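Text of run.tsv, listed as TSV, C-alpha atoms and all ligand atoms:
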chain	number	residue	atom	x	y	z
A	316	MET	CA	-2.85	-63.91	-26.51
A	317	SER	CA	-4.62	-63.04	-23.29
A	318	GLU	CA	-8.38	-62.79	-23.50
A	319	GLU	CA	-9.75	-59.26	-23.27
A	320	VAL	CA	-11.66	-58.72	-20.05
A	321	LYS	CA	-15.09	-57.37	-20.83
A	322	THR	CA	-16.25	-54.58	-18.55
A	323	PHE	CA	-19.52	-52.69	-18.32
A	324	LYS	CA	-19.72	-48.90	-18.44
A	325	VAL	CA	-22.11	-47.45	-15.90
A	326	THR	CA	-22.81	-43.79	-15.19
A	327	ILE	CA	-23.84	-42.88	-11.67
A	328	ASP	CA	-24.73	-39.26	-10.95
A	329	ASN	CA	-22.91	-38.21	-14.14
A	330	ILE	CA	-19.70	-40.07	-13.23
A	331	THR	CA	-18.84	-42.93	-15.58
A	332	ILE	CA	-16.91	-45.97	-14.42
A	333	ASP	CA	-15.99	-49.38	-15.87
A	334	VAL	CA	-16.91	-52.33	-13.68
A	335	ALA	CA	-16.89	-56.11	-13.99
A	336	PRO	CA	-20.15	-57.76	-15.15
A	337	GLY	CA	-22.17	-58.92	-12.17
A	338	THR	CA	-21.25	-55.89	-10.05
A	339	THR	CA	-24.23	-54.38	-8.26
A	340	ILE	CA	-25.05	-50.70	-8.67
A	341	LEU	CA	-24.18	-50.17	-4.99
A	342	ASN	CA	-20.73	-51.72	-5.35
A	343	ALA	CA	-20.12	-49.75	-8.57
A	344	ALA	CA	-21.01	-46.58	-6.63
A	345	ARG	CA	-18.66	-47.64	-3.82
A	346	GLN	CA	-15.88	-47.85	-6.38
A	347	ILE	CA	-16.54	-44.18	-7.19
A	348	GLY	CA	-16.95	-43.37	-3.49
A	349	GLY	CA	-18.15	-40.23	-1.75
A	350	ASP	CA	-21.69	-38.88	-1.83
A	351	VAL	CA	-22.81	-40.78	-4.92
A	352	THR	CA	-22.74	-44.01	-2.88
A	353	PRO	CA	-26.22	-44.88	-1.61
A	354	PRO	CA	-26.56	-45.63	2.12
A	355	ALA	CA	-26.95	-49.31	2.97
A	356	MET	CA	-28.54	-50.41	6.24
A	357	CYS	CA	-28.94	-54.11	5.53
A	358	TYR	CA	-26.43	-54.96	2.78
A	359	TYR	CA	-23.05	-56.13	4.12
A	360	SER	CA	-20.56	-57.20	1.49
A	361	LYS	CA	-18.99	-59.81	3.80
A	362	LEU	CA	-22.27	-61.58	4.53
A	363	GLN	CA	-23.74	-63.74	1.79
A	364	GLY	CA	-27.38	-63.12	0.99
A	365	SER	CA	-27.53	-59.78	2.82
A	366	GLY	CA	-29.35	-56.82	1.28
A	367	GLY	CA	-32.79	-56.23	-0.12
A	368	LYS	CA	-34.50	-55.68	3.25
A	369	CYS	CA	-34.30	-52.01	4.20
A	370	ARG	CA	-34.74	-50.04	0.93
A	371	THR	CA	-32.39	-47.23	1.99
A	372	CYS	CA	-30.23	-47.90	-1.07
A	373	LEU	CA	-32.97	-47.16	-3.64
A	374	VAL	CA	-31.77	-45.48	-6.86
A	375	GLU	CA	-33.34	-44.36	-10.13
A	376	VAL	CA	-32.24	-46.15	-13.30
A	377	ALA	CA	-32.65	-43.50	-16.01
A	378	ALA	CA	-31.42	-45.83	-18.78
A	379	GLY	CA	-31.34	-49.63	-18.47
A	380	SER	CA	-28.49	-50.31	-20.88
A	381	THR	CA	-27.08	-49.33	-24.27
A	382	ALA	CA	-29.13	-52.11	-25.88
A	383	ASP	CA	-32.33	-51.07	-24.14
A	384	PRO	CA	-32.03	-47.46	-22.95
A	385	ARG	CA	-35.55	-47.30	-21.49
A	386	PRO	CA	-35.68	-46.13	-17.87
A	387	MET	CA	-36.75	-48.64	-15.24
A	388	PRO	CA	-40.33	-47.91	-14.17
A	389	LYS	CA	-39.67	-47.99	-10.42
A	390	LEU	CA	-36.79	-47.12	-8.14
A	391	VAL	CA	-34.62	-50.20	-7.55
A	392	ALA	CA	-32.61	-51.48	-4.60
A	393	SER	CA	-29.02	-50.79	-5.69
A	394	CYS	CA	-27.61	-53.55	-3.47
A	395	ARG	CA	-29.62	-56.16	-5.38
A	396	THR	CA	-29.53	-54.80	-8.95
A	397	THR	CA	-26.58	-55.60	-11.17
A	398	VAL	CA	-25.27	-53.11	-13.70
A	399	MET	CA	-25.74	-53.43	-17.46
A	400	ASP	CA	-23.44	-51.96	-20.09
A	401	GLY	CA	-24.42	-48.34	-20.69
A	402	MET	CA	-26.69	-48.11	-17.64
A	403	VAL	CA	-27.37	-44.60	-16.34
A	404	VAL	CA	-28.15	-44.33	-12.63
A	405	LYS	CA	-29.24	-41.37	-10.55
A	406	ASN	CA	-28.76	-41.24	-6.82
A	407	ILE	CA	-28.23	-37.80	-5.28
A	408	THR	CA	-29.15	-36.17	-8.60
A	409	SER	CA	-32.66	-37.64	-8.47
A	410	GLU	CA	-35.47	-35.88	-6.63
A	411	LYS	CA	-37.48	-39.10	-6.69
A	412	VAL	CA	-34.70	-40.89	-4.80
A	413	THR	CA	-34.38	-38.18	-2.17
A	414	ASP	CA	-38.14	-38.22	-1.69
A	415	ALA	CA	-38.26	-42.03	-1.44
A	416	ARG	CA	-35.31	-42.11	0.97
A	417	ASN	CA	-37.04	-39.55	3.19
A	418	GLY	CA	-40.00	-41.91	3.23
A	419	VAL	CA	-37.85	-44.95	4.02
A	420	VAL	CA	-36.22	-43.15	6.93
A	421	GLU	CA	-39.64	-42.09	8.23
A	422	PHE	CA	-40.73	-45.72	7.92
A	423	LEU	CA	-37.63	-47.04	9.74
A	424	LEU	CA	-38.31	-44.56	12.51
A	425	LEU	CA	-41.95	-45.61	12.95
A	426	ASN	CA	-40.93	-48.02	15.64
A	427	HIS	CA	-37.33	-47.12	16.33
A	428	PRO	CA	-37.18	-44.96	19.47
A	429	LEU	CA	-35.32	-41.65	19.36
A	430	ASP	CA	-33.27	-42.56	22.40
A	431	CYS	CA	-29.88	-41.56	20.96
A	432	PRO	CA	-28.95	-39.65	24.17
A	433	ILE	CA	-28.85	-42.93	26.11
A	434	CYS	CA	-28.03	-45.35	23.29
A	435	ASP	CA	-24.53	-46.85	23.15
A	436	GLN	CA	-24.59	-46.77	19.36
A	437	ALA	CA	-24.93	-42.97	19.28
A	438	GLY	CA	-22.13	-41.43	17.27
A	439	GLU	CA	-21.62	-44.51	15.13
A	440	CYS	CA	-25.23	-45.30	14.24
A	441	HIS	CA	-26.07	-45.38	10.55
A	442	LEU	CA	-29.72	-44.67	11.27
A	443	GLN	CA	-28.77	-41.60	13.31
A	444	ASP	CA	-26.74	-40.32	10.34
A	445	LEU	CA	-29.64	-41.01	7.99
A	446	GLY	CA	-32.04	-39.31	10.39
A	447	TYR	CA	-29.95	-36.14	10.24
A	448	GLU	CA	-29.87	-36.21	6.46
A	449	HIS	CA	-33.42	-37.28	5.69
A	450	GLY	CA	-35.41	-37.15	8.89
A	451	LYS	CA	-38.51	-35.07	9.44
A	452	GLU	CA	-39.42	-33.29	12.67
A	453	GLY	CA	-42.66	-35.17	13.03
A	454	THR	CA	-44.19	-38.52	12.24
A	455	ARG	CA	-47.50	-39.28	10.56
A	456	TYR	CA	-47.79	-42.53	12.46
A	457	LYS	CA	-50.79	-42.60	14.78
A	458	PHE	CA	-50.24	-45.91	16.56
A	459	ALA	CA	-48.16	-46.78	19.60
A	460	ARG	CA	-44.59	-47.85	18.92
A	461	ARG	CA	-43.77	-51.55	19.29
A	462	THR	CA	-42.03	-52.15	22.57
A	463	PHE	CA	-40.14	-55.18	23.81
A	464	LYS	CA	-38.39	-56.18	27.00
A	465	ARG	CA	-34.63	-56.15	26.84
A	466	GLU	CA	-33.22	-59.61	26.30
A	467	ASP	CA	-29.83	-61.07	27.08
A	468	ILE	CA	-28.44	-62.86	24.06
A	469	GLY	CA	-25.68	-64.79	25.75
A	470	PRO	CA	-23.36	-63.47	28.45
A	471	TYR	CA	-21.96	-60.57	26.44
A	472	ILE	CA	-24.74	-59.18	24.28
A	473	GLN	CA	-27.94	-57.41	25.10
A	474	LEU	CA	-30.77	-57.10	22.59
A	475	HIS	CA	-32.98	-54.01	22.54
A	476	MET	CA	-35.58	-55.23	20.12
A	477	THR	CA	-37.31	-51.83	20.16
A	478	ARG	CA	-34.31	-50.45	18.25
A	479	CYS	CA	-34.03	-53.29	15.74
A	480	ILE	CA	-34.77	-52.47	12.10
A	481	LEU	CA	-34.87	-56.13	11.05
A	482	CYS	CA	-31.94	-55.89	8.68
A	483	TYR	CA	-31.10	-59.60	9.28
A	484	ARG	CA	-27.35	-58.94	9.36
A	485	CYS	CA	-26.92	-60.52	12.80
A	486	THR	CA	-28.73	-63.66	11.71
A	487	TYR	CA	-26.34	-63.99	8.77
A	488	VAL	CA	-23.39	-63.64	11.16
A	489	ALA	CA	-24.88	-66.34	13.35
A	490	ALA	CA	-25.51	-68.59	10.36
A	491	GLN	CA	-22.24	-67.99	8.52
A	492	ILE	CA	-19.63	-67.27	11.16
A	493	THR	CA	-20.60	-68.95	14.40
A	494	ASP	CA	-20.75	-72.73	14.76
A	495	LYS	CA	-24.38	-72.99	15.64
A	496	ARG	CA	-27.10	-70.53	14.96
A	497	MET	CA	-29.44	-70.14	17.87
A	498	HIS	CA	-31.27	-66.97	17.03
A	499	GLY	CA	-33.21	-65.61	14.15
A	500	VAL	CA	-36.25	-63.60	13.13
A	501	VAL	CA	-39.33	-65.09	14.72
A	502	ASP	CA	-42.88	-64.25	13.68
A	503	ARG	CA	-43.79	-62.09	10.73
A	504	GLY	CA	-45.15	-58.63	9.89
A	505	ASP	CA	-45.63	-56.25	12.79
A	506	HIS	CA	-44.75	-59.04	15.23
A	507	ALA	CA	-41.43	-59.93	13.64
A	508	ALA	CA	-38.62	-59.93	16.18
A	509	ILE	CA	-35.06	-61.10	16.59
A	510	SER	CA	-34.88	-63.65	19.36
A	511	THR	CA	-33.15	-66.74	20.60
A	512	TYR	CA	-35.28	-69.85	20.49
A	513	ILE	CA	-36.53	-70.63	24.01
A	514	SER	CA	-34.13	-67.94	25.23
A	515	LYS	CA	-31.13	-70.08	24.45
A	516	ALA	CA	-27.98	-68.16	25.18
A	517	ILE	CA	-25.52	-67.53	22.42
A	518	ASP	CA	-22.07	-68.18	23.80
A	519	ASN	CA	-20.39	-69.05	20.56
A	520	ASP	CA	-16.81	-67.87	20.09
A	521	PHE	CA	-17.71	-65.44	17.31
A	522	SER	CA	-21.08	-64.16	18.49
A	523	GLY	CA	-19.61	-60.73	19.34
A	524	ASN	CA	-19.40	-59.96	15.63
A	525	MET	CA	-23.18	-59.55	15.66
A	526	ILE	CA	-22.63	-56.35	17.63
A	527	ASP	CA	-20.31	-55.03	14.93
A	528	VAL	CA	-22.70	-55.67	12.06
A	529	CYS	CA	-25.80	-54.24	13.77
A	530	PRO	CA	-26.35	-50.85	12.10
A	531	VAL	CA	-28.30	-49.50	15.08
A	532	GLY	CA	-28.10	-49.92	18.85
A	533	ALA	CA	-30.19	-53.08	19.00
A	534	LEU	CA	-27.28	-55.36	19.85
A	535	THR	CA	-24.91	-53.85	22.38
A	536	ASP	CA	-21.76	-55.01	24.13
A	537	LYS	CA	-22.62	-55.67	27.77
A	538	THR	CA	-19.01	-55.03	28.81
A	539	PHE	CA	-19.20	-51.50	27.35
A	540	ARG	CA	-22.82	-50.49	27.92
A	541	PHE	CA	-23.20	-47.04	29.51
A	542	LYS	CA	-19.49	-46.86	30.34
A	543	ASN	CA	-18.59	-44.10	27.91
A	544	ARG	CA	-19.64	-42.21	24.81
A	545	VAL	CA	-17.68	-43.28	21.75
A	546	TRP	CA	-16.58	-39.76	20.90
A	547	PHE	CA	-14.79	-39.45	24.24
A	548	THR	CA	-12.73	-42.55	23.55
A	549	LYS	CA	-9.64	-42.74	21.37
A	550	PRO	CA	-9.58	-45.57	18.83
A	551	VAL	CA	-6.22	-47.21	18.09
A	552	ASP	CA	-5.36	-50.12	15.79
A	553	ALA	CA	-3.83	-53.07	17.62
A	554	HIS	CA	-3.09	-56.74	17.05
A	555	ARG	CA	-2.26	-59.83	19.07
A	556	ASN	CA	-1.31	-63.42	18.34
A	557	CYS	CA	-4.69	-65.01	18.85
A	558	GLU	CA	-4.67	-68.78	19.15
A	559	ASN	CA	-8.06	-69.11	17.48
A	560	PRO	CA	-7.25	-69.86	13.81
A	561	LYS	CA	-10.50	-68.25	12.63
A	562	CYS	CA	-9.76	-64.97	14.44
A	563	CYS	CA	-7.75	-62.36	12.53
A	564	GLY	CA	-6.31	-60.90	15.76
A	565	LYS	CA	-6.48	-57.36	14.34
A	566	ALA	CA	-8.80	-55.04	16.22
A	567	THR	CA	-9.58	-51.49	17.21
A	568	LEU	CA	-9.14	-50.65	20.90
A	569	TRP	CA	-11.26	-47.79	22.19
A	570	LEU	CA	-9.18	-46.15	24.90
A	571	ARG	CA	-9.60	-43.49	27.50
A	572	GLY	CA	-6.15	-42.84	28.87
A	573	ASP	CA	-4.65	-46.30	29.22
A	574	GLU	CA	-7.95	-48.00	29.91
A	575	VAL	CA	-9.41	-50.17	27.16
A	576	PHE	CA	-13.17	-49.54	27.21
A	577	ARG	CA	-14.06	-51.85	24.35
A	578	VAL	CA	-12.57	-53.87	21.54
A	579	THR	CA	-14.17	-54.04	18.10
A	580	ALA	CA	-13.26	-55.40	14.71
A	581	ARG	CA	-11.65	-52.85	12.40
A	582	LYS	CA	-14.18	-51.12	10.17
A	583	ASP	CA	-13.78	-49.72	6.67
A	584	GLU	CA	-15.26	-46.51	5.25
A	585	TRP	CA	-18.63	-48.24	4.71
A	586	GLY	CA	-18.83	-49.28	8.35
A	587	GLU	CA	-18.09	-52.90	7.45
A	588	VAL	CA	-15.43	-55.15	8.96
A	589	GLN	CA	-12.19	-54.77	7.00
A	590	SER	CA	-10.51	-57.61	5.12
A	591	PHE	CA	-6.89	-58.63	5.58
A	592	ASP	CA	-5.09	-60.64	2.87
A	593	GLY	CA	-8.45	-61.45	1.31
A	594	LYS	CA	-9.87	-62.75	4.61
A	595	THR	CA	-12.63	-60.94	6.49
A	596	GLY	CA	-11.33	-59.54	9.77
A	597	TRP	CA	-13.83	-61.09	12.20
A	598	ILE	CA	-12.52	-61.32	15.78
A	599	CYS	CA	-13.22	-63.93	18.43
A	600	ASN	CA	-14.94	-63.30	21.75
A	601	THR	CA	-11.69	-63.78	23.69
A	602	CYS	CA	-10.06	-60.87	21.87
A	603	ARG	CA	-13.24	-58.79	22.10
A	604	PHE	CA	-14.35	-59.36	25.68
A	605	ASP	CA	-11.39	-60.76	27.66
A	606	LYS	CA	-8.39	-58.81	26.40
A	607	LYS	CA	-9.10	-55.45	27.96
A	608	LYS	CA	-5.57	-54.39	28.86
A	609	THR	CA	-3.23	-52.50	26.55
A	610	SER	CA	-0.51	-55.00	27.58
A	611	ASP	CA	-2.55	-57.75	25.86
A	612	TRP	CA	-2.06	-56.01	22.53
A	613	THR	CA	0.61	-54.56	20.26
A	614	ILE	CA	-0.58	-51.06	19.48
A	615	GLU	CA	-0.01	-49.97	15.89
A	616	GLY	CA	-1.22	-46.36	16.02
A	617	PRO	CA	-4.34	-44.19	15.84
A	618	THR	CA	-7.23	-45.56	13.83
A	619	THR	CA	-8.12	-43.59	10.74
A	620	ILE	CA	-11.80	-42.79	11.01
A	621	SER	CA	-13.11	-41.86	7.62
A	622	ARG	CA	-16.81	-41.67	8.35
A	623	HIS	CA	-18.31	-38.22	8.57
A	624	SER	CA	-19.97	-39.14	11.85
A	625	VAL	CA	-19.23	-37.48	15.16
A	626	ILE	CA	-16.76	-40.23	16.16
A	627	SER	CA	-14.20	-38.77	13.77
A	628	LEU	CA	-14.01	-35.63	15.89
A	629	ASN	CA	-10.77	-34.97	17.79
A	630	LYS	CA	-9.03	-37.99	16.26
A	631	TYR	CA	-6.04	-36.32	14.64
A	632	GLU	CA	-3.52	-38.60	13.05
A	633	THR	CA	-1.09	-35.81	12.19
A	634	LEU	CA	-1.31	-32.21	13.27
A	635	GLU	CA	-1.54	-29.92	10.28
A	636	MET	CA	-0.43	-26.38	11.10
A	637	PRO	CA	-2.57	-23.64	9.60
A	638	LYS	CA	-0.97	-21.76	6.70
A	639	GLU	CA	1.08	-18.72	7.76
A	640	THR	CA	-0.45	-15.75	5.99
A	641	VAL	CA	1.09	-12.73	7.80
A	642	LYS	CA	4.18	-12.62	5.55
A	643	GLU	CA	1.97	-12.82	2.48
A	644	VAL	CA	-0.34	-9.97	3.41
A	645	MET	CA	2.41	-7.79	4.96
A	646	HIS	CA	4.50	-7.68	1.77
A	647	GLY	CA	7.08	-10.19	2.92
A	648	GLN	CA	7.56	-8.83	6.44
A	649	GLU	CA	8.20	-11.55	9.06
A	650	PRO	CA	5.67	-11.59	11.92
A	651	LYS	CA	8.30	-10.96	14.62
A	652	LEU	CA	9.51	-7.83	12.86
A	653	LEU	CA	6.06	-6.34	13.19
A	654	MET	CA	6.82	-6.12	16.90
A	655	ASP	CA	10.39	-4.83	16.53
A	656	ILE	CA	10.14	-1.42	18.07
A	657	HIS	CA	13.68	-0.45	16.95
A	658	ASN	CA	13.13	-0.96	13.25
A	659	VAL	CA	9.53	-0.05	12.94
A	660	SER	CA	8.70	2.72	15.32
A	661	GLY	CA	12.11	4.37	15.71
A	662	VAL	CA	10.85	6.26	18.79
A	663	ASN	CA	13.89	5.51	20.95
A	664	LYS	CA	17.30	7.18	20.66
A	665	PRO	CA	19.53	5.20	18.21
A	666	GLY	CA	22.03	4.27	20.94
A	667	VAL	CA	19.39	2.94	23.35
A	668	ASP	CA	18.27	-0.68	22.96
A	669	LEU	CA	14.95	-0.68	24.81
A	670	SER	CA	14.69	-4.44	25.07
A	671	LYS	CA	18.07	-4.66	26.86
A	672	LEU	CA	17.32	-2.07	29.56
A	673	GLN	CA	17.40	-3.56	33.07
A	674	ARG	CA	14.97	-0.92	34.25
A	675	PRO	CA	11.77	0.67	33.07
A	676	ALA	CA	12.25	2.97	30.05
A	677	VAL	CA	12.18	6.66	30.95
A	678	SER	CA	11.57	9.75	28.85
A	679	THR	CA	15.30	10.36	28.22
A	680	ASP	CA	15.55	7.05	26.36
A	681	PHE	CA	13.35	8.43	23.61
A	682	ASN	CA	14.17	10.80	20.79
A	683	ASN	CA	11.98	13.58	22.08
A	684	GLY	CA	12.83	12.77	25.69
A	685	THR	CA	14.93	15.89	26.23
A	686	LYS	CA	12.04	18.14	25.36
A	687	GLY	CA	9.82	17.06	28.16
A	688	SER	CA	12.48	16.37	30.76
B	1	LIG	S1	-30.57	-56.75	15.90
B	1	LIG	FE1	-29.37	-55.29	14.66
B	1	LIG	S2	-28.29	-56.58	13.18
B	1	LIG	FE2	-29.95	-57.85	14.03
B	1	LIG	S3	-31.66	-57.57	12.61
B	1	LIG	FE3	-31.91	-56.05	14.25
B	1	LIG	S4	-30.91	-54.19	13.46
B	1	LIG	FE4	-30.21	-55.90	12.20
B	2	LIG	S1	-29.02	-51.90	1.61
B	2	LIG	FE1	-30.18	-52.34	-0.15
B	2	LIG	S2	-32.11	-52.83	0.63
B	2	LIG	FE2	-30.95	-52.50	2.41
Before we go any further, please render this structure as structure tokens.
Amino acid sequence: MSEEVKTFKVTIDNITIDVAPGTTILNAARQIGGDVTPPAMCYYSKLQGSGGKCRTCLVEVAAGSTADPRPMPKLVASCRTTVMDGMVVKNITSEKVTDARNGVVEFLLLNHPLDCPICDQAGECHLQDLGYEHGKEGTRYKFARRTFKREDIGPYIQLHMTRCILCYRCTYVAAQITDKRMHGVVDRGDHAAISTYISKAIDNDFSGNMIDVCPVGALTDKTFRFKNRVWFTKPVDAHRNCENPKCCGKATLWLRGDEVFRVTARKDEWGEVQSFDGKTGWICNTCRFDKKKTSDWTIEGPTTISRHSVISLNKYETLEMPKETVKEVMHGQEPKLLMDIHNVSGVNKPGVDLSKLQRPAVSTDFNNGTKGS
């Protein structure tokens, strides 16, 4: 007899779901989907050890478990807290969480410049989305913002440290996906910064994936910088037979007409790189930076953009015609009959078909025409 799989019941914002033991609150919420899922600026399910840095995913645990239903005294980071059987969690239903998240966003924006109009990440920036939802008009911060010089991280990537929120995702990419990690967070506290040691260039085959995981515009693609706004480009799914065995060869091409402006990995609804056959879909630098012609790729079709961000605008996969309501409200009358002068108005003489006249209609064509003629 097969062993019964034990699952834990967790209720998030009044929705109850069964999940496997060891699942974090954030991943349980992702299984429900939609608004109950907390935002995550540093957690990235495909990068081991990520999470616990940004505090955007804070939630309130109103009951710890069935065995111990006491609430947790403080808000907890949902990406780092695993569920217990009978746990009750509040995210959007908690005023405390909304208040704390407003504070976290204000804190993230202490140093982050509001340069969205010139930032390449605009339109697909998670911090921009959070700013709209939780941002305040002003800041209480009295000190000057940290500023840094722009730094080239290898031939393809530029680092704007002023925009970095120190989520550490890029360092995990460097440590876990590229062959040799050459950059990391140097210094601590207010001086902490992402940098390459002694400005060593990163030219590893998979370094471009750091751009994809960066939630803000701190790491940008030098081949795309300032060339276009993402919402003017049309994303399509495409693949090629890449010779690099570690590269999945499946990407999103961002087109304008036939021109490929940039190539990125394919993202899921959480803004993370998708998985294919259980393997994470990282792409190599050759696919990302060198294959910039549509003829290099087999195009599969338009990318489905599920994020609510501005990049989803004007990306129609199928055209849905609006519902025809005229017949309904006109008691079954077809729209064209509304314009049929013969049936509706009856002003012309029965033997005269006005629409077939090869001349302008004159008074004698109408029923009362004789009177005035
Ligand atoms: S550069 Fe981007 S990915 Fe790297 S730590 Fe900063 S915000 Fe995170
Ligand atoms: S996503 Fe949980 S702390 Fe950043």
Inset, instruction - Using atom CA of A:Thr397 and atom CA of A:Tyr359 as the two end points, give the distance in Å to one decimal. - result: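 That distance, rounded to one decimal, is 15.7 Å.
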Inset, instruction - Within 7 Å of ligand LIG 2 (chain B), which residues show up when you count all atoms listed in the file? List them as number ranges by chain, please. - result: A: 354-358, 366-373, 392-395
Legend entry - Separation of atom CA of A:Met402 from atom CA of A:Lys324 in Å: 7.1 Å
Legend entry - Shortest interatomic distance to ligand LIG 1 (chain B) - which of A:Asp520, A:Asp527, A:Glu452, A:Asp505, counting only C-alpha atoms and all ligand atoms: A:Asp527
Inset, instruction - Show which residues sit within 7 Å of A:Val575, as a list in words. Count only C-alpha atoms, and ignore same-chain residues fewer than 2 positions away. - result: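 Result of the neighbour search: Leu568, Trp569, Leu570, Arg571, Asp573, Arg577, Lys607, Lys608 and Thr609 of chain A.
With distances restricted to all atoms listed in the file, A:Glu466 is the closest residue to ligand LIG 1 (chain B) from A:Glu421, A:Glu466, A:Asp430, A:Asp400.
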Inset, instruction - Could you please determine the separation between atom CA of A:Leu474 and atom CA of A:Ile509 in Å, to one decimal place? - result: 8.4 Å
Inset, instruction - Give me the residues within 12 Å of stretch 491-493 of chain A as number ranges by chain, counting only C-alpha atoms and dropping any in the same chain fewer than 2 places off. - result: A: 361-365, 484-489, 495-498, 517-525, 561-562, 595-600
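Around ligand LIG 1 (chain B), using all atoms listed in the file and a cut-off of 6 Å, the residues in contact are Cys479, Ile480, Leu481, Cys482, Tyr483, Arg484, Cys485, Val528, Cys529, Pro530, Val531, Ala533 and Leu534 of chain A.
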Write out, as JSON lines, each residue of stretch 501-571 of chain A that has an atom at most 10 Å from stretch 601-604 of chain A, together with the closest pair of atoms and their distance in Å to one decimal, counting all atoms listed in the file, rows going by chain and rising number.
{"residue": "A:Asp520", "atom": "CA", "partner": "A:Thr601", "partner_atom": "CA", "distance": 7.5}
{"residue": "A:Phe521", "atom": "CA", "partner": "A:Thr601", "partner_atom": "CA", "distance": 8.9}
{"residue": "A:Gly523", "atom": "CA", "partner": "A:Arg603", "partner_atom": "CA", "distance": 7.2}
{"residue": "A:Asn524", "atom": "CA", "partner": "A:Arg603", "partner_atom": "CA", "distance": 9.0}
{"residue": "A:Asp536", "atom": "CA", "partner": "A:Phe604", "partner_atom": "CA", "distance": 8.7}
{"residue": "A:Lys537", "atom": "CA", "partner": "A:Phe604", "partner_atom": "CA", "distance": 9.3}
{"residue": "A:Thr538", "atom": "CA", "partner": "A:Phe604", "partner_atom": "CA", "distance": 7.1}
{"residue": "A:Phe539", "atom": "CA", "partner": "A:Phe604", "partner_atom": "CA", "distance": 9.4}
{"residue": "A:His554", "atom": "CA", "partner": "A:Cys602", "partner_atom": "CA", "distance": 9.4}
{"residue": "A:Arg555", "atom": "CA", "partner": "A:Cys602", "partner_atom": "CA", "distance": 8.4}
{"residue": "A:Asn556", "atom": "CA", "partner": "A:Cys602", "partner_atom": "CA", "distance": 9.8}
{"residue": "A:Cys557", "atom": "CA", "partner": "A:Cys602", "partner_atom": "CA", "distance": 7.4}
{"residue": "A:Glu558", "atom": "CA", "partner": "A:Thr601", "partner_atom": "CA", "distance": 9.7}
{"residue": "A:Asn559", "atom": "CA", "partner": "A:Thr601", "partner_atom": "CA", "distance": 9.0}
{"residue": "A:Cys562", "atom": "CA", "partner": "A:Cys602", "partner_atom": "CA", "distance": 8.5}
{"residue": "A:Cys563", "atom": "CA", "partner": "A:Cys602", "partner_atom": "CA", "distance": 9.7}
{"residue": "A:Gly564", "atom": "CA", "partner": "A:Cys602", "partner_atom": "CA", "distance": 7.2}
{"residue": "A:Lys565", "atom": "CA", "partner": "A:Cys602", "partner_atom": "CA", "distance": 9.0}
{"residue": "A:Ala566", "atom": "CA", "partner": "A:Cys602", "partner_atom": "CA", "distance": 8.2}
{"residue": "A:Thr567", "atom": "CA", "partner": "A:Arg603", "partner_atom": "CA", "distance": 9.5}
{"residue": "A:Leu568", "atom": "CA", "partner": "A:Arg603", "partner_atom": "CA", "distance": 9.2}
Inset, instruction - Compile the contact shell of stretch 327-332 of chain A as a PyMOL selection string: residues with an atom at most 10 Å away, counting only C-alpha atoms, same-chain residues fewer than 5 positions apart removed. - result: chain A and resi 322+340-341+343-344+346-347+350-352+374-377+401-409
Inset, instruction - Would you mind listing what lies within 7 Å of A:His427 as a list in words, with only C-alpha atoms counted and same-chain residues fewer than 3 positions away left out? - result: Leu423, Leu424, Thr477 and Arg478 of chain A
Inset, instruction - Can you pull out every residue within 8 Å of stretch 457-464 of chain A, counting all atoms listed in the file, but drop anything in the same chain fewer than 6 positions away, and send it as a ChimeraX atom specification? - result: /A:425-428,475-477
Inset, instruction - Return the single residue from A:Lys542, A:Arg345, A:Gly532, A:Gly593 that is closest to A:Leu429, with distances computed using all atoms listed in the file. - result: A:Gly532
